[in-house]
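> Contents of start.cif (mmCIF, C-alpha atoms and all ligand atoms) are below:
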data_final
#
loop_
_atom_site.group_PDB
_atom_site.id
_atom_site.type_symbol
_atom_site.label_atom_id
_atom_site.label_comp_id
_atom_site.auth_asym_id
_atom_site.auth_seq_id
_atom_site.Cartn_x
_atom_site.Cartn_y
_atom_site.Cartn_z
ATOM 1 C CA MET A 1 81.711 -30.599 48.306
ATOM 2 C CA ALA A 2 83.963 -27.572 48.559
ATOM 3 C CA SER A 3 86.289 -29.004 45.933
ATOM 4 C CA LEU A 4 83.322 -29.762 43.675
ATOM 5 C CA LEU A 5 82.176 -26.140 43.987
ATOM 6 C CA LYS A 6 85.702 -24.997 43.235
ATOM 7 C CA LYS A 7 85.782 -27.201 40.155
ATOM 8 C CA LEU A 8 82.443 -25.880 39.005
ATOM 9 C CA GLY A 9 83.670 -22.332 39.602
ATOM 10 C CA SER A 10 86.770 -22.794 37.520
ATOM 11 C CA PHE A 11 84.711 -24.534 34.830
ATOM 12 C CA ALA A 12 82.422 -21.490 34.710
ATOM 13 C CA ALA A 13 85.425 -19.144 34.541
ATOM 14 C CA GLY A 14 86.928 -21.260 31.758
ATOM 15 C CA ALA A 15 83.648 -21.264 29.844
ATOM 16 C CA THR A 16 83.380 -17.483 30.162
ATOM 17 C CA LEU A 17 86.911 -17.087 28.823
ATOM 18 C CA LEU A 18 86.189 -19.474 25.972
ATOM 19 C CA PHE A 19 83.014 -17.574 25.169
ATOM 20 C CA ALA A 20 84.846 -14.242 25.189
ATOM 21 C CA ALA A 21 87.580 -15.660 22.945
ATOM 22 C CA SER A 22 85.157 -17.095 20.412
ATOM 23 C CA ALA A 23 83.142 -13.860 20.435
ATOM 24 C CA ALA A 24 86.348 -11.995 19.620
ATOM 25 C CA LEU A 25 87.055 -14.489 16.827
ATOM 26 C CA ALA A 26 83.530 -14.199 15.505
ATOM 27 C CA LYS A 27 83.812 -10.415 15.162
ATOM 28 C CA PRO A 28 84.401 -9.900 11.455
ATOM 29 C CA LEU A 29 87.684 -8.307 10.527
ATOM 30 C CA THR A 30 87.457 -4.931 8.811
ATOM 31 C CA VAL A 31 90.109 -4.337 6.151
ATOM 32 C CA GLY A 32 90.566 -1.114 4.176
ATOM 33 C CA PHE A 33 91.961 -1.604 0.669
ATOM 34 C CA ALA A 34 93.363 1.377 -1.247
ATOM 35 C CA GLN A 35 93.571 0.213 -4.883
ATOM 36 C CA THR A 36 95.381 2.178 -7.634
ATOM 37 C CA GLY A 37 92.418 2.233 -10.028
ATOM 38 C CA ALA A 38 91.250 0.060 -12.916
ATOM 39 C CA GLU A 39 93.886 0.717 -15.573
ATOM 40 C CA SER A 40 94.289 -2.851 -16.853
ATOM 41 C CA ALA A 41 92.825 -6.355 -16.931
ATOM 42 C CA TRP A 42 95.523 -7.321 -14.414
ATOM 43 C CA ARG A 43 94.174 -4.705 -12.018
ATOM 44 C CA THR A 44 90.565 -5.856 -12.456
ATOM 45 C CA ALA A 45 91.608 -9.451 -11.706
ATOM 46 C CA ASN A 46 93.482 -8.218 -8.623
ATOM 47 C CA THR A 47 90.457 -6.280 -7.335
ATOM 48 C CA ASN A 48 88.159 -9.250 -7.964
ATOM 49 C CA SER A 49 90.485 -11.607 -6.086
ATOM 50 C CA MET A 50 90.588 -9.265 -3.066
ATOM 51 C CA LYS A 51 86.806 -8.799 -3.054
ATOM 52 C CA SER A 52 85.757 -12.417 -3.624
ATOM 53 C CA GLU A 53 88.203 -13.811 -1.058
ATOM 54 C CA ALA A 54 87.010 -11.257 1.537
ATOM 55 C CA GLU A 55 83.449 -12.365 0.922
ATOM 56 C CA LYS A 56 84.404 -16.048 1.262
ATOM 57 C CA ARG A 57 86.067 -15.372 4.627
ATOM 58 C CA GLY A 58 83.396 -13.038 6.017
ATOM 59 C CA ILE A 59 85.829 -10.127 6.040
ATOM 60 C CA ASN A 60 84.315 -6.663 5.888
ATOM 61 C CA LEU A 61 86.301 -5.089 3.015
ATOM 62 C CA LYS A 62 86.234 -1.344 2.539
ATOM 63 C CA PHE A 63 87.309 -0.794 -1.051
ATOM 64 C CA ALA A 64 88.630 2.546 -2.307
ATOM 65 C CA ASP A 65 89.350 3.016 -6.022
ATOM 66 C CA GLY A 66 92.178 5.559 -6.352
ATOM 67 C CA GLN A 67 91.269 6.267 -9.986
ATOM 68 C CA GLY A 68 94.926 6.512 -10.929
ATOM 69 C CA LYS A 69 95.755 9.310 -8.471
ATOM 70 C CA GLN A 70 98.068 9.107 -5.477
ATOM 71 C CA GLU A 71 96.192 11.880 -3.658
ATOM 72 C CA ASN A 72 93.002 9.779 -3.770
ATOM 73 C CA GLN A 73 94.866 6.818 -2.317
ATOM 74 C CA ILE A 74 96.369 8.951 0.456
ATOM 75 C CA ARG A 75 92.906 10.269 1.308
ATOM 76 C CA ALA A 76 91.530 6.709 1.385
ATOM 77 C CA VAL A 77 94.250 5.479 3.767
ATOM 78 C CA ARG A 78 93.639 8.485 6.005
ATOM 79 C CA THR A 79 89.905 7.697 6.092
ATOM 80 C CA PHE A 80 90.632 4.062 6.988
ATOM 81 C CA VAL A 81 92.787 5.284 9.891
ATOM 82 C CA THR A 82 89.990 7.559 11.127
ATOM 83 C CA GLN A 83 87.512 4.690 10.870
ATOM 84 C CA GLY A 84 89.823 2.489 12.940
ATOM 85 C CA VAL A 85 89.905 -0.488 10.568
ATOM 86 C CA ASP A 86 91.770 -3.634 11.720
ATOM 87 C CA ALA A 87 94.278 -3.543 8.840
ATOM 88 C CA ILE A 88 95.034 -1.596 5.670
ATOM 89 C CA VAL A 89 96.128 -2.966 2.293
ATOM 90 C CA LEU A 90 97.795 -0.439 0.006
ATOM 91 C CA ALA A 91 98.641 -0.986 -3.681
ATOM 92 C CA PRO A 92 100.746 2.163 -4.137
ATOM 93 C CA ILE A 93 100.451 3.740 -7.580
ATOM 94 C CA VAL A 94 103.910 5.320 -7.292
ATOM 95 C CA GLU A 95 106.903 4.501 -5.104
ATOM 96 C CA THR A 96 107.455 7.745 -3.206
ATOM 97 C CA GLY A 97 105.431 10.135 -1.054
ATOM 98 C CA TRP A 98 103.801 7.695 1.379
ATOM 99 C CA GLU A 99 105.694 8.363 4.616
ATOM 100 C CA PRO A 100 103.320 10.912 6.230
ATOM 101 C CA VAL A 101 100.186 8.812 5.804
ATOM 102 C CA LEU A 102 101.975 5.580 6.754
ATOM 103 C CA ARG A 103 103.138 7.328 9.910
ATOM 104 C CA GLU A 104 99.510 8.192 10.698
ATOM 105 C CA ALA A 105 98.567 4.514 10.393
ATOM 106 C CA LYS A 106 101.491 3.470 12.567
ATOM 107 C CA ARG A 107 100.545 5.993 15.241
ATOM 108 C CA ALA A 108 97.016 4.528 15.247
ATOM 109 C CA LYS A 109 98.601 1.014 15.537
ATOM 110 C CA ILE A 110 96.927 -0.158 12.321
ATOM 111 C CA PRO A 111 99.125 -2.572 10.373
ATOM 112 C CA VAL A 112 99.619 -1.767 6.674
ATOM 113 C CA VAL A 113 100.338 -4.484 4.123
ATOM 114 C CA ILE A 114 101.931 -3.106 0.948
ATOM 115 C CA MET A 115 100.597 -5.095 -1.972
ATOM 116 C CA ASP A 116 101.748 -5.424 -5.598
ATOM 117 C CA ARG A 117 104.095 -2.395 -5.871
ATOM 118 C CA LYS A 118 106.783 -1.349 -3.443
ATOM 119 C CA VAL A 119 107.160 1.963 -1.625
ATOM 120 C CA GLN A 120 110.418 3.787 -0.958
ATOM 121 C CA THR A 121 110.859 4.719 2.675
ATOM 122 C CA SER A 122 113.760 5.263 5.024
ATOM 123 C CA ASP A 123 111.697 3.785 7.872
ATOM 124 C CA GLU A 124 110.870 0.126 7.310
ATOM 125 C CA SER A 125 108.704 0.017 10.432
ATOM 126 C CA LEU A 126 106.053 2.110 8.672
ATOM 127 C CA TYR A 127 104.521 -1.020 7.129
ATOM 128 C CA ALA A 128 104.113 -4.630 8.198
ATOM 129 C CA CYS A 129 105.279 -6.385 5.033
ATOM 130 C CA PHE A 130 105.273 -6.458 1.225
ATOM 131 C CA ILE A 131 103.503 -9.051 -0.944
ATOM 132 C CA GLY A 132 103.896 -8.928 -4.728
ATOM 133 C CA SER A 133 105.934 -9.958 -7.742
ATOM 134 C CA ASP A 134 109.606 -9.387 -8.477
ATOM 135 C CA PHE A 135 109.309 -6.751 -11.225
ATOM 136 C CA TYR A 136 113.072 -6.620 -11.753
ATOM 137 C CA LYS A 137 113.130 -10.344 -12.464
ATOM 138 C CA GLU A 138 110.187 -9.967 -14.869
ATOM 139 C CA GLY A 139 111.997 -7.270 -16.871
ATOM 140 C CA ALA A 140 115.139 -9.386 -16.967
ATOM 141 C CA MET A 141 113.159 -12.430 -18.169
ATOM 142 C CA ALA A 142 111.635 -10.354 -20.985
ATOM 143 C CA ALA A 143 115.051 -9.106 -22.098
ATOM 144 C CA GLU A 144 116.584 -12.591 -21.887
ATOM 145 C CA TRP A 145 113.807 -13.976 -24.084
ATOM 146 C CA ILE A 146 114.488 -11.270 -26.673
ATOM 147 C CA ALA A 147 118.260 -11.809 -26.555
ATOM 148 C CA LYS A 148 117.703 -15.518 -27.240
ATOM 149 C CA ASN A 149 115.000 -15.214 -29.901
ATOM 150 C CA ALA A 150 115.480 -11.919 -31.752
ATOM 151 C CA GLY A 151 117.664 -13.400 -34.494
ATOM 152 C CA SER A 152 118.881 -10.546 -36.654
ATOM 153 C CA ARG A 153 116.392 -8.032 -35.201
ATOM 154 C CA SER A 154 117.808 -5.427 -32.890
ATOM 155 C CA LYS A 155 115.790 -2.191 -32.730
ATOM 156 C CA ILE A 156 113.384 -2.039 -29.798
ATOM 157 C CA VAL A 157 110.651 0.390 -28.783
ATOM 158 C CA GLU A 158 109.556 0.309 -25.150
ATOM 159 C CA LEU A 159 106.055 0.990 -23.836
ATOM 160 C CA GLN A 160 106.484 1.978 -20.217
ATOM 161 C CA GLY A 161 103.950 1.649 -17.429
ATOM 162 C CA THR A 162 102.776 4.471 -15.144
ATOM 163 C CA PRO A 163 105.647 6.924 -14.521
ATOM 164 C CA GLY A 164 107.062 6.597 -11.012
ATOM 165 C CA SER A 165 105.431 3.213 -10.346
ATOM 166 C CA ALA A 166 107.626 0.423 -8.985
ATOM 167 C CA ALA A 167 106.368 -1.830 -11.799
ATOM 168 C CA ALA A 168 107.541 0.568 -14.524
ATOM 169 C CA ASN A 169 110.765 1.585 -12.747
ATOM 170 C CA GLU A 170 111.995 -1.958 -12.146
ATOM 171 C CA ARG A 171 110.835 -3.440 -15.457
ATOM 172 C CA ARG A 172 112.659 -0.633 -17.232
ATOM 173 C CA LYS A 173 115.841 -0.873 -15.178
ATOM 174 C CA ALA A 174 116.139 -4.664 -15.435
ATOM 175 C CA PHE A 175 115.551 -4.583 -19.180
ATOM 176 C CA ALA A 176 118.233 -1.917 -19.665
ATOM 177 C CA ASP A 177 120.677 -3.872 -17.477
ATOM 178 C CA GLU A 178 120.140 -7.044 -19.537
ATOM 179 C CA LEU A 179 120.475 -5.159 -22.844
ATOM 180 C CA ALA A 180 123.812 -3.785 -21.677
ATOM 181 C CA LYS A 181 125.063 -7.377 -21.842
ATOM 182 C CA ASN A 182 123.825 -7.650 -25.464
ATOM 183 C CA PRO A 183 125.215 -4.611 -27.290
ATOM 184 C CA ALA A 184 123.538 -5.631 -30.571
ATOM 185 C CA LEU A 185 120.111 -4.841 -29.060
ATOM 186 C CA LYS A 186 119.073 -1.196 -28.784
ATOM 187 C CA ILE A 187 116.103 0.752 -27.443
ATOM 188 C CA ILE A 188 115.390 3.343 -30.135
ATOM 189 C CA ASP A 189 112.443 4.939 -28.312
ATOM 190 C CA SER A 190 110.652 4.640 -24.982
ATOM 191 C CA GLN A 191 107.477 6.237 -23.670
ATOM 192 C CA SER A 192 104.725 5.694 -21.129
ATOM 193 C CA GLY A 193 101.342 4.290 -22.138
ATOM 194 C CA ASP A 194 100.269 4.356 -18.467
ATOM 195 C CA PHE A 195 99.582 0.574 -18.399
ATOM 196 C CA ARG A 196 96.431 1.245 -20.484
ATOM 197 C CA ARG A 197 95.329 -0.324 -23.752
ATOM 198 C CA SER A 198 94.471 3.092 -25.196
ATOM 199 C CA GLY A 199 97.874 4.403 -24.071
ATOM 200 C CA GLY A 200 99.693 1.519 -25.770
ATOM 201 C CA LYS A 201 97.811 2.146 -29.010
ATOM 202 C CA GLU A 202 98.459 5.913 -29.030
ATOM 203 C CA VAL A 203 102.163 5.617 -28.230
ATOM 204 C CA MET A 204 102.638 2.845 -30.803
ATOM 205 C CA GLU A 205 100.916 4.965 -33.476
ATOM 206 C CA ALA A 206 103.339 7.794 -32.717
ATOM 207 C CA PHE A 207 106.325 5.396 -32.767
ATOM 208 C CA LEU A 208 105.241 3.975 -36.146
ATOM 209 C CA LYS A 209 104.886 7.464 -37.565
ATOM 210 C CA LYS A 210 108.299 8.481 -36.298
ATOM 211 C CA HIS A 211 110.344 5.316 -36.923
ATOM 212 C CA GLY A 212 108.330 3.409 -39.525
ATOM 213 C CA LYS A 213 109.862 0.068 -40.533
ATOM 214 C CA ASP A 214 112.873 0.620 -38.281
ATOM 215 C CA ILE A 215 110.882 -0.849 -35.412
ATOM 216 C CA GLU A 216 111.699 -4.554 -35.087
ATOM 217 C CA ILE A 217 110.731 -5.360 -31.503
ATOM 218 C CA VAL A 218 108.177 -4.027 -28.983
ATOM 219 C CA TYR A 219 108.794 -4.417 -25.252
ATOM 220 C CA ALA A 220 105.588 -3.520 -23.368
ATOM 221 C CA HIS A 221 105.515 -3.309 -19.563
ATOM 222 C CA ASN A 222 102.091 -4.949 -19.617
ATOM 223 C CA ASP A 223 99.786 -6.968 -21.881
ATOM 224 C CA ASP A 224 97.140 -4.262 -22.159
ATOM 225 C CA MET A 225 99.623 -1.866 -23.778
ATOM 226 C CA ALA A 226 100.877 -4.689 -26.033
ATOM 227 C CA LEU A 227 97.285 -5.400 -27.121
ATOM 228 C CA GLY A 228 96.823 -1.680 -27.864
ATOM 229 C CA ALA A 229 100.093 -1.680 -29.829
ATOM 230 C CA ILE A 230 98.870 -4.683 -31.835
ATOM 231 C CA GLN A 231 95.861 -2.642 -32.974
ATOM 232 C CA ALA A 232 98.160 0.183 -34.099
ATOM 233 C CA ILE A 233 100.489 -2.243 -35.905
ATOM 234 C CA GLU A 234 97.599 -3.933 -37.730
ATOM 235 C CA GLU A 235 96.092 -0.582 -38.686
ATOM 236 C CA ALA A 236 99.483 0.329 -40.178
ATOM 237 C CA GLY A 237 99.198 -2.777 -42.396
ATOM 238 C CA LEU A 238 101.872 -4.774 -40.549
ATOM 239 C CA LYS A 239 101.712 -8.212 -38.902
ATOM 240 C CA PRO A 240 102.240 -8.188 -35.123
ATOM 241 C CA GLY A 241 104.362 -11.123 -33.981
ATOM 242 C CA LYS A 242 105.880 -11.493 -37.460
ATOM 243 C CA ASP A 243 106.903 -8.117 -38.909
ATOM 244 C CA ILE A 244 107.455 -6.881 -35.364
ATOM 245 C CA LEU A 245 108.293 -9.124 -32.377
ATOM 246 C CA ILE A 246 106.233 -8.361 -29.281
ATOM 247 C CA VAL A 247 107.082 -9.220 -25.684
ATOM 248 C CA SER A 248 105.046 -8.109 -22.679
ATOM 249 C CA ILE A 249 104.346 -8.793 -19.018
ATOM 250 C CA ASP A 250 101.274 -10.005 -17.019
ATOM 251 C CA ALA A 251 100.024 -13.063 -18.958
ATOM 252 C CA ILE A 252 96.344 -12.168 -18.702
ATOM 253 C CA LYS A 253 94.123 -14.608 -20.592
ATOM 254 C CA GLU A 254 93.903 -12.284 -23.591
ATOM 255 C CA GLY A 255 97.679 -11.935 -23.650
ATOM 256 C CA VAL A 256 98.247 -15.683 -23.611
ATOM 257 C CA GLN A 257 95.569 -16.050 -26.315
ATOM 258 C CA ALA A 258 97.549 -13.534 -28.413
ATOM 259 C CA VAL A 259 100.606 -15.780 -27.983
ATOM 260 C CA VAL A 260 98.540 -18.778 -29.149
ATOM 261 C CA ASP A 261 97.433 -16.667 -32.146
ATOM 262 C CA GLY A 262 101.042 -15.674 -32.895
ATOM 263 C CA LYS A 263 100.457 -11.937 -32.353
ATOM 264 C CA ILE A 264 102.489 -11.676 -29.148
ATOM 265 C CA ASN A 265 105.717 -13.697 -29.114
ATOM 266 C CA ALA A 266 106.210 -14.028 -25.357
ATOM 267 C CA VAL A 267 104.547 -12.927 -22.116
ATOM 268 C CA VAL A 268 106.137 -12.959 -18.685
ATOM 269 C CA GLU A 269 103.661 -13.917 -16.015
ATOM 270 C CA CYS A 270 102.726 -11.592 -13.134
ATOM 271 C CA ASN A 271 100.078 -13.175 -10.943
ATOM 272 C CA PRO A 272 97.459 -10.719 -9.560
ATOM 273 C CA LEU A 273 95.465 -13.234 -7.483
ATOM 274 C CA PHE A 274 96.660 -12.082 -4.071
ATOM 275 C CA GLY A 275 93.420 -12.356 -2.075
ATOM 276 C CA PRO A 276 94.154 -15.580 -0.130
ATOM 277 C CA LYS A 277 97.778 -14.699 0.642
ATOM 278 C CA ILE A 278 96.897 -11.171 1.768
ATOM 279 C CA TYR A 279 94.187 -12.269 4.209
ATOM 280 C CA ASP A 280 96.284 -15.191 5.540
ATOM 281 C CA THR A 281 99.036 -12.665 6.242
ATOM 282 C CA ILE A 282 96.674 -10.207 7.939
ATOM 283 C CA ALA A 283 95.345 -13.032 10.154
ATOM 284 C CA LYS A 284 98.927 -13.823 11.205
ATOM 285 C CA ILE A 285 99.720 -10.191 11.928
ATOM 286 C CA LYS A 286 96.560 -9.829 14.037
ATOM 287 C CA ALA A 287 97.496 -13.003 15.954
ATOM 288 C CA GLY A 288 100.923 -11.551 16.673
ATOM 289 C CA GLU A 289 102.720 -14.163 14.573
ATOM 290 C CA PRO A 290 105.797 -13.263 12.521
ATOM 291 C CA VAL A 291 105.380 -12.720 8.761
ATOM 292 C CA GLU A 292 107.905 -12.579 5.935
ATOM 293 C CA ARG A 293 109.183 -9.042 5.322
ATOM 294 C CA SER A 294 108.899 -9.388 1.518
ATOM 295 C CA SER A 295 107.206 -12.258 -0.198
ATOM 296 C CA TYR A 296 107.213 -12.739 -3.970
ATOM 297 C CA ASN A 297 105.064 -14.775 -6.336
ATOM 298 C CA VAL A 298 106.801 -17.155 -8.728
ATOM 299 C CA ASP A 299 106.349 -16.061 -12.355
ATOM 300 C CA ILE A 300 107.116 -17.963 -15.585
ATOM 301 C CA VAL A 301 107.629 -17.132 -19.283
ATOM 302 C CA ILE A 302 104.927 -18.169 -21.757
ATOM 303 C CA ASP A 303 105.727 -18.355 -25.491
ATOM 304 C CA SER A 304 104.801 -20.514 -28.486
ATOM 305 C CA THR A 305 106.321 -23.575 -26.787
ATOM 306 C CA ASN A 306 103.831 -23.683 -23.887
ATOM 307 C CA ALA A 307 101.003 -21.160 -24.527
ATOM 308 C CA ALA A 308 98.559 -23.669 -26.036
ATOM 309 C CA ALA A 309 99.022 -26.055 -23.117
ATOM 310 C CA LEU A 310 98.501 -23.281 -20.547
ATOM 311 C CA ILE A 311 95.646 -21.227 -22.039
ATOM 312 C CA GLY A 312 92.929 -23.539 -20.709
ATOM 313 C CA GLN A 313 94.065 -23.101 -17.104
ATOM 314 C CA ARG A 314 94.454 -19.318 -17.070
ATOM 315 C CA GLN A 315 92.552 -17.945 -14.092
ATOM 316 C CA TYR A 316 92.860 -14.281 -14.970
HETATM 317 O O1 LIG B 1 101.602 -5.270 -14.666
HETATM 318 C C1 LIG B 1 99.771 -3.787 -14.875
HETATM 319 C C2 LIG B 1 98.986 -3.070 -13.843
HETATM 320 O O2 LIG B 1 101.583 -3.286 -10.684
HETATM 321 C C3 LIG B 1 102.048 -5.455 -11.469
HETATM 322 O O3 LIG B 1 99.937 -2.775 -12.845
HETATM 323 C C4 LIG B 1 101.161 -4.283 -11.527
HETATM 324 C C5 LIG B 1 100.979 -3.705 -12.908
HETATM 325 C C6 LIG B 1 100.555 -4.678 -13.989
HETATM 326 O O4 LIG B 1 98.270 -2.044 -14.286
HETATM 327 O O5 LIG B 1 98.975 -4.443 -15.801
#
Write the structure described by the file as structure tokens, please.
Ligand code: GYE


Amino acid sequence: MASLLKKLGSFAAGATLLFAASAALAKPLTVGFAQTGAESAWRTANTNSMKSEAEKRGINLKFADGQGKQENQIRAVRTFVTQGVDAIVLAPIVETGWEPVLREAKRAKIPVVIMDRKVQTSDESLYACFIGSDFYKEGAMAAEWIAKNAGSRSKIVELQGTPGSAAANERRKAFADELAKNPALKIIDSQSGDFRRSGGKEVMEAFLKKHGKDIEIVYAHNDDMALGAIQAIEEAGLKPGKDILIVSIDAIKEGVQAVVDGKINAVVECNPLFGPKIYDTIAKIKAGEPVERSSYNVDIVIDSTNAAALIGQRQY
């Protein structure tokens, strides 16, 4: 009898524990997401992936649109810390200037996942991990494609992304490093179009005015700027993809379509669909499991040899 009571007692204790554990599991996770803004189609796809995956998993996502300003993003992270969210995801618009606010998150024991673009910090413990693409590799792939396919063309204009962003810094550096191995190729001008379609168009108009027919190749740090440049080139009475070679990065659906249409010659992929990977990683961090320090997506080159076969499957 006594042993039966004991058994019942421990069963009840076990059931209580189980109940408490499942209640804790059932509590929806609250994640604060500080996004850069909505500068490009890539960014919109990235935001949609984060929002739709949160909804699928019952995660309470607090979304803050930084509207292209670091100070807005810093304010958003600070608010998430005050609200005591379970985790913070930060897509940093620029590389530097994050240490104070990351320190605030660390002090509050809120893990921060850096997404998409890297931050520069002397203290690696200020964030849990990085998830994104290898921008240096993307820039190198773009330059390699040009070196292989430029023929007798050599004069390049570069449309840079947002100044100070990891995406622009690394895509620029890698491209320059690759060109150094091919002395025939030269960048004759380089300016920022801020990753925006309107920026790409404006800068390309100015380049065409200044350099005219000297321009033989356009290297754009993203598809949106390349699509803007295409408008400027067509308005100048020239044929994009033929009179001027165009290479860009992202491989959004519209970019790949432009490759199919022969207006862009090559796009290097940069996958923005991070939602599932980000929330899987946050779940691991919350469970105390180890996560990779830096994890990169695998990106490919799309040109006239494979664009038609791939266009149907583009998810962004
Ligand atoms: O290439 C561009 C976006 O950081 C990888 O930001 C991202 C870049 C992407 O605005 O389209």

> Using only C-alpha atoms and all ligand atoms, find each protein or nucleic acid residue lying at most 10 Å from ligand LIG 1 (chain B); present the set as a VMD selection string.

chain A and resid 36 to 46 68 91 to 94 115 to 118 132 to 135 138 161 to 162 165 to 168 171 194 to 197 220 to 225 248 to 252 268 to 272

> Determine, for each residue of region 210-265 of chain A having at least one atom at most 10 Å from an atom of region 175-187 of chain A, the closest pair of atoms and their separation in Å to one decimal, counting all atoms listed in the file; order by chain and ascending number, as CSV.


residue,atom,partner,partner_atom,distance
A:Ile215,CA,A:Ile187,CA,9.7
A:Ile217,CA,A:Ile187,CA,9.1
A:Val218,CA,A:Ile187,CA,9.4
A:Tyr219,CA,A:Phe175,CA,9.1

> Taking the file as shown, find all residues satisfying the PyMOL selection byres (((chain A and resi 294) around 7) and not hetatm) and write them as a list in words.

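For this structure, the PyMOL selection byres (((chain A and resi 294) around 7) and not hetatm) resolves to Cys129, Phe130, Ile131, Glu292, Arg293, Ser295 and Tyr296 of chain A.
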
> Could the residues in this selection be written to a file with C-alpha atoms, as a short mmCIF file (atom, residue, chain, number, x, y, z; two decimals), keeping the file's coordinate frame?


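File out.cif, as written:
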data_model
loop_
_atom_site.label_atom_id
_atom_site.label_comp_id
_atom_site.auth_asym_id
_atom_site.auth_seq_id
_atom_site.Cartn_x
_atom_site.Cartn_y
_atom_site.Cartn_z
CA CYS A 129 105.28 -6.38 5.03
CA PHE A 130 105.27 -6.46 1.23
CA ILE A 131 103.50 -9.05 -0.94
CA GLU A 292 107.90 -12.58 5.94
CA ARG A 293 109.18 -9.04 5.32
CA SER A 295 107.21 -12.26 -0.20
CA TYR A 296 107.21 -12.74 -3.97
#

> Quick one: everything within 6 Å of region 76-88 of chain A, counting all atoms listed in the file, minus sequence neighbours fewer than 6 positions away in the same chain. Send it as a ChimeraX atom specification.

/A:30-33,105,110-112

> Would you output that residue set with C-alpha atoms, as a compact mmCIF listing (two decimals), in the frame of the given file?


# COMPACT_ATOMS: atom_id res chain seq x y z
CA THR A 30 87.46 -4.93 8.81
CA VAL A 31 90.11 -4.34 6.15
CA GLY A 32 90.57 -1.11 4.18
CA PHE A 33 91.96 -1.60 0.67
CA ALA A 105 98.57 4.51 10.39
CA ILE A 110 96.93 -0.16 12.32
CA PRO A 111 99.12 -2.57 10.37
CA VAL A 112 99.62 -1.77 6.67

> I need the residue nearest Met141 (chain A) from this list: A:Leu238, A:Ala174, A:Ala206, A:Ala34. Use all atoms listed in the file for the distance.

A:Ala174

> Give me the result of the PyMOL selection byres (((chain A and resi 213) around 12) and not hetatm) on this file, residue by residue, as a ChimeraX atom specification.

/A:153,155-157,207-212,214-217,233,236-239,243-244

> Applied to the shown file, which residues does the PyMOL selection byres (((chain A and resi 314) around 9) and not hetatm) return, written as a PyMOL selection string?

chain A and resi 251-253+256+310-313+315-316

> Which is closer to Lys27 (chain A) than all the others in A:Leu126, A:Ile285, A:Ile59, A:Leu245, using all atoms listed in the file?

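With all atoms listed in the file as the atom set, the closest residue is A:Ile59.
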
> Hey, which of A:Ala266, A:Val291, A:Ala54, A:Ala128 ends up closest to Leu29 (chain A)? Count only C-alpha atoms.

A:Ala54

> Work out how far apart CA of Gly241 (chain A) and CA of Gly164 (chain A) are and give it in Å to one decimal.

29.1 Å

> Between CA of Phe274 (chain A) and CA of Gly255 (chain A), what is the distance, to one decimal in Å?

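For CA of Phe274 (chain A) relative to CA of Gly255 (chain A), the distance reads 19.6 Å.
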
> Within 8 Å of Lys263 (chain A), counting only C-alpha atoms, which residues qualify if same-chain residues fewer than 5 places away don't, as number ranges by chain?

A: 230, 239-242, 246, 258

> What is the distance, in Å and to one decimal place, between CA of Leu227 (chain A) and CA of Gly275 (chain A)?

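These atoms are spaced 26.3 Å apart.
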
> Which one is closest to Ser49 (chain A): A:Asn265, A:Ile302, A:Ile278, A:Ala307? Count only C-alpha atoms.

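Counting only C-alpha atoms, the residue closest to Ser49 (chain A) is A:Ile278.
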
> Which residue gives the smallest distance to Thr305 (chain A) among A:Ala232, A:Val119, A:Val260, A:Met50, with all atoms listed in the file counted?

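Once distances to Thr305 (chain A) are computed over all atoms listed in the file, the minimum belongs to A:Val260.
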
> Would you mind telling me which residue in A:Gln70, A:Lys137, A:Gly228, A:Ala64 lies nearest to Glu95 (chain A) when using only C-alpha atoms?

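Among A:Gln70, A:Lys137, A:Gly228, A:Ala64, it is A:Gln70 that comes nearest to Glu95 (chain A).
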
> Using only the atoms of region 237-254 of chain A listed in the file, plus 8 Å on each side, state the axis-aligned box centre and edge lengths in Å rounded to one decimal, as JSON.


{"center_x": 101.1, "center_y": -8.7, "center_z": -29.7, "size_x": 30.4, "size_y": 27.8, "size_z": 41.4}
